[in-house]
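Heads up, the thing below is written out as structure tokens.
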Amino acid sequence: MAEVEKGRKPSEESTDDSEEEDSEEEPKLKYERLANGVTEILQKDAASCMTVHDKFLALGTHFGKVFLLDIQGNLTQKFEISPVKINQISLDESGEHMGICSEDGKVQVFGLYTREGFHENFDCPVKFFLCYLPKLLLYEKNWLNRWKTSTLHEGEGTITNVQWRANLIAWANNMGVKIYDISTKQRITNVLRDNVSLRPDMYPCSLCWKDNSTLIIGWGSSIKICVVKERGHTELRDLPSRYVEIVSAFETEFFISGLAPLADQLVTLYFVKENSDHMEEFRARPCLDIIQPLPEGYEEISSDALTVRNFQENECRDYRLEHSQGESLYYIISPKDIVVAKERDQDDHIDWLLDKKKYECLFFCNQKIGMAYINHLVEKGDYDTAARKCQKVLGKNMELWENEVYRFKTIGQLKAISQYLPRGDLRLRPAIYEMILHEFLKSDYEGFATLIREWPGELYNNMTIVQAVTDHLKKDPMNSTLLTTLAELYTYDQRYDRALEIYLRLRHKDVYQLIHKHDLFSSIEDKIVLLMDFDKEKAVDMLLDNEDKISIDRVVEELRNRPELLHIYLHKLFKRDHHKGQRYHERQIGLYAEYDRPNLLPFLRDSIHCPLEKALEICQERNFVEETVFLLSRMGNCRRALQMIMEELEDVDKAIEFAKEQDDAELWEDLISYSIDKPPFITGLLNNIGTHVDPILLIHRIKEGMEIPNLRDSLVKILQDYNLQILLREGCKKILVADSLSLLQKMHRTQMRGVRVDEENICESCHASILPSDMAQNFSVVVFHCRHMFHKECLPSPGTIPGVQFCNICSAKRRGPGSGIMEMKK
């Protein structure tokens with residue numbers, strides 16, 4: 001057996017034996033040294049590489065030999081390949097052909113049984129099969145049984161590792177890892193090397209395919225898990241049909257020598273980073289860890305430090321990890337030793353429990369012992385513990401499970417075993433689960449309801465249990481626990497309408513979730529009143545959000561006998577959209593008047609569809625003055641509206657505000673006439689009408705001797721308002737004068753500017769070129785500021801103002817007199 005420190009990292013210090021026993025976990029792997037023929041080979045030679053096949057092992061050495069071994073390490077064949085080190089051995093899936101490359105640049109591919117193949121020498125040392133500096137070559141047989149060579153990659157230095165799986169080839173050089181798709185003959189990606197400071201010859205790249213699409217890359221202290229995925233048709237364009245997604249990437253605390261998959265975990269062979277805190281003995285020992293990759297890190301499951309022969313002389317690059325997928329065997333290869341790691345089996349587990357004196361756990365490793373232990377617990381009366389132990393002892397044995405259930409029934413302890421019954425892949429007969437449910441239904445409604453919620457509906461005959469619950473409800477028809485459970489059973493059976501009725505009767509909080517989840521809108525068309533009685537706000541929001549499934553007309557029809565609910569629905573509909581429920585606006589007037597007067601006036605203001613006559617009739621019947629005033633003004637009867645404000649409301653401020661809104665002189669006259677014998681109204685008018693009506697007209701009409709409250713203050717306010725108006729007018733006048741002067745100056749500067757005249761301009765009268773062909777001749781041109789140009793002789797005689805000429809065109813278009821002219825002479 002290989003020596004191994006299990007469950008310890010090299011940096012951990014020794015602790016007390018008792019503490020170590022308490023904290024030690026059972027190891028995941030067991031180890032043994034590959035002996036027999038391997039021992040003799042490595043005494044004279046040193047291992048350089050090894051390839052694992054389900055049928056045999058192929059071992060390459062530093063002296064250029066290749067040995068075929070069986071799984072136990074016995075020698076079966078020997079090949080003298082080269083006088084120098086073997087770098088790589090590759091085998092096909094059938095194990096009938098082998099490829100070998102050596103340090104002297106020689107590549108050999110031959111059949112192990114037929115000896116067919118080829119030999120080829122290259123002008124530089126070959127590092128791995130199918131690769132050499134600086135090319136990666138693919139050898140294939142064509143239909144003539146001849147070897148065809150294809151160059152997959154070149155120009156980036158030495159290729160140090162190649163791994164092939166199905167249609168995908170991954171290789172590494174000093175720049176990074178490439179992946180190539182043979183089926184489409186396309187390079188998919190390039191995964192760059194992270195830590196470029198590490199020498200790639202001292203810390204080589206480790207590649208391993210977990211399956212046909214998942215590549216694991218270990219380089220230095222970095223691990224990446226890459227998944228090759230198909231690209232969508234819409235994304236193709238000029239891109240490869242596949243792409244690579246890095247699903248996990250993290251840094252470790254060690255240098256990686258090899259990687260291999262173990263289910264969804266990783267087996268890592270590593271070399272501890274240099275650290276002065278580590279003991280010298282452990283610094284060179286290889287370690288084998290099982291880790292659980294996470295998106296941005298990892299969790300250590302187990303860690304074993306291995307003592308291989310001559311480990312003190314080895315470096316990170318001297319170790320390799322190979323694995324056999326069929327039997328989950330992991331081979332740790334070093335120059336002078338090969339250790340095999342394998343998953344521990346049941347016998348190993350029992351041996352470990354015996355060694356650690358964990359006798360209670362040992363019972364569950366042997367079914368007979370376990371059953372005896374359960375019987376012992378039952379005899380002691382510890383039924384809950386006995387039932388819990390059934391999960392480990394009985395496992396997936398259906399016959400034993402059913403026997404135990406009937407035994408617990410005999411002793412009246414079905415409830416104890418109910419929560420531990422299998423309900424996953426293994427399931428007992430439906431009658432077993434129904435028997436337990438009937439037992440709970442007799443005496444424990446809450447426990448029965450819990451089982452219904454926890455057990456999948458497929459475990460038992462749903463109709464049988466529904467009938468049993470219905471029978472119990474006949475004795476206790478208002479039992480909320482039974483009713484809720486019955487609703488859940490109806491839901492499992494997809495009889496959602498029956499479940500909905502129960503939830504509504506119970507006012508259960510899940511009723512709205514049930515409707516949305518199972519699209520039960522067609523089932524609630526006749527239950528709208530129940531829904532609104534349960535929760536008006538939620539019900540209305542749901543109905544309005546799903547108008548396409550339950551129409552407005554249908555809801556109104558259902559609520560016709562519940563006007564208070566109809567008002568809530570129509571009010572929220574109006575708030576969402578003023579036009580959707582326009583056909584019901586007439587009905588809403590009465591509903592607002594009856595149930596929600598504060599919102600009646602806003603409704604009348606916002607609605608353009610309600611009949612004004614009907615609204616006026618309702619408001620007058622109920623003596624709603626404010627609403628009546630609004631309707632009268634909207635219908636054009638402003639004098640009557642003003643009269644109601646003054647007579648009914650007796651609110652001078654509101655009357656003044658109304659008159660201001662209408663801005664009608666007759667209304668002001670009516671208001672003054674009505675207020676002239678009412679001192680409080682006169683005070684209000686004096687304080688508010690200054691900007692709309694001349695207050696002198698009001699003051700002249702006040703009867704002499706009438707006492708008017710706060711008259712002095714009102715007059716002072718009128719004078720202040722007058723002074724303010726004077727100041728505002730003077731300010732406006734100053735602004736107007738300043739703006740006029742500024743614009744005049746601007747116009748003057750504009751008119752003083754020169755005007756460009758060239759041969760392209762024409763006379764607006766004769767339409768000939770404005771400039772003569774012979775510029776040496778004398779000519780005279782008139783250019784107006786409106787940019788119209790004329791020959792002077794083409795213009796009519798000047799106007800009535802001496803020396804001023806106007807543009808005929810602009811004058812004809814009634815643009816006012818033309819600008820002053822500019823006259824050009826030569």
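Convention: chains lettered A, B, ... in structure tokens order; per-chain residue numbering from 1; ligands numbered from 1 as shown.
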Query raised in the report: Can you list, as a PyMOL selection string, every protein, DNA or RNA residue that comes within 10 Å of segment 174-178 of chain A when you count only C-alpha atoms, leaving out same-chain residues fewer than 3 positions away?
Result: chain A and resi 153+156-162+169-171+187-194+196+199-201+204-205+207+217+219
Requested in this report: Enumerate the residues of segment 366-497 of chain A with a DSSP assignment of helix (DSSP H, G or I), computed from the backbone, and present them as a PyMOL selection string.
Outcome: chain A and resi 367-380+383-394+398-410+414-418+430-443+445-454+457-459+462-475+480-492+496-497
Query raised in the report: Can you tell me, as a list in words, what residues are no more than 12 Å from Asp348 of chain A when counting only C-alpha atoms, ignoring any on the same chain fewer than 2 positions away?
Result: Glu26, Pro27, Lys28, Leu29, Lys30, Tyr31, Lys342, Glu343, Arg344, Asp345, Gln346, Ile350, Asp351, Trp352, Leu353, Leu354, Asp355, Leu362 and Cys365 of chain A
Query raised in the report: By how many Å are atom CA of Glu525 of chain A and atom CA of Gly457 of chain A apart?
Result: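 Going from atom CA of Glu525 of chain A over to atom CA of Gly457 of chain A, I get 28.6 Å.
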Query raised in the report: So what do you get for atom CA of Glu25 of chain A versus atom CA of His349 of chain A, distance-wise?
Result: 11.5 Å
Requested in this report: Excluding Asn461 of chain A and any residue of its chain fewer than 2 positions from it, enumerate the residues within 10 Å of it, using only C-alpha atoms, and give them as a count of residues only.
Outcome: 11
Query raised in the report: Hey, what does DSSP flag as strand (DSSP E or B) within segment 290-411 of chain A? Can you give it to me as a ChimeraX atom specification?
Result: /A:290-294,297-307,320-324,329-334,337-343
Query raised in the report: Quick one: of A:Met542, A:Gln186, A:Leu262, A:Lys356, who's nearest to Ser328 of chain A, counting only C-alpha atoms?
Result: A:Leu262
Requested in this report: Name the residues in contact with Glu230 of chain A at a cut-off of 12 Å, using only C-alpha atoms, excluding same-chain residues fewer than 5 positions from it; report them as number ranges by chain.
Outcome: A: 181, 188, 213, 235-236, 239-245
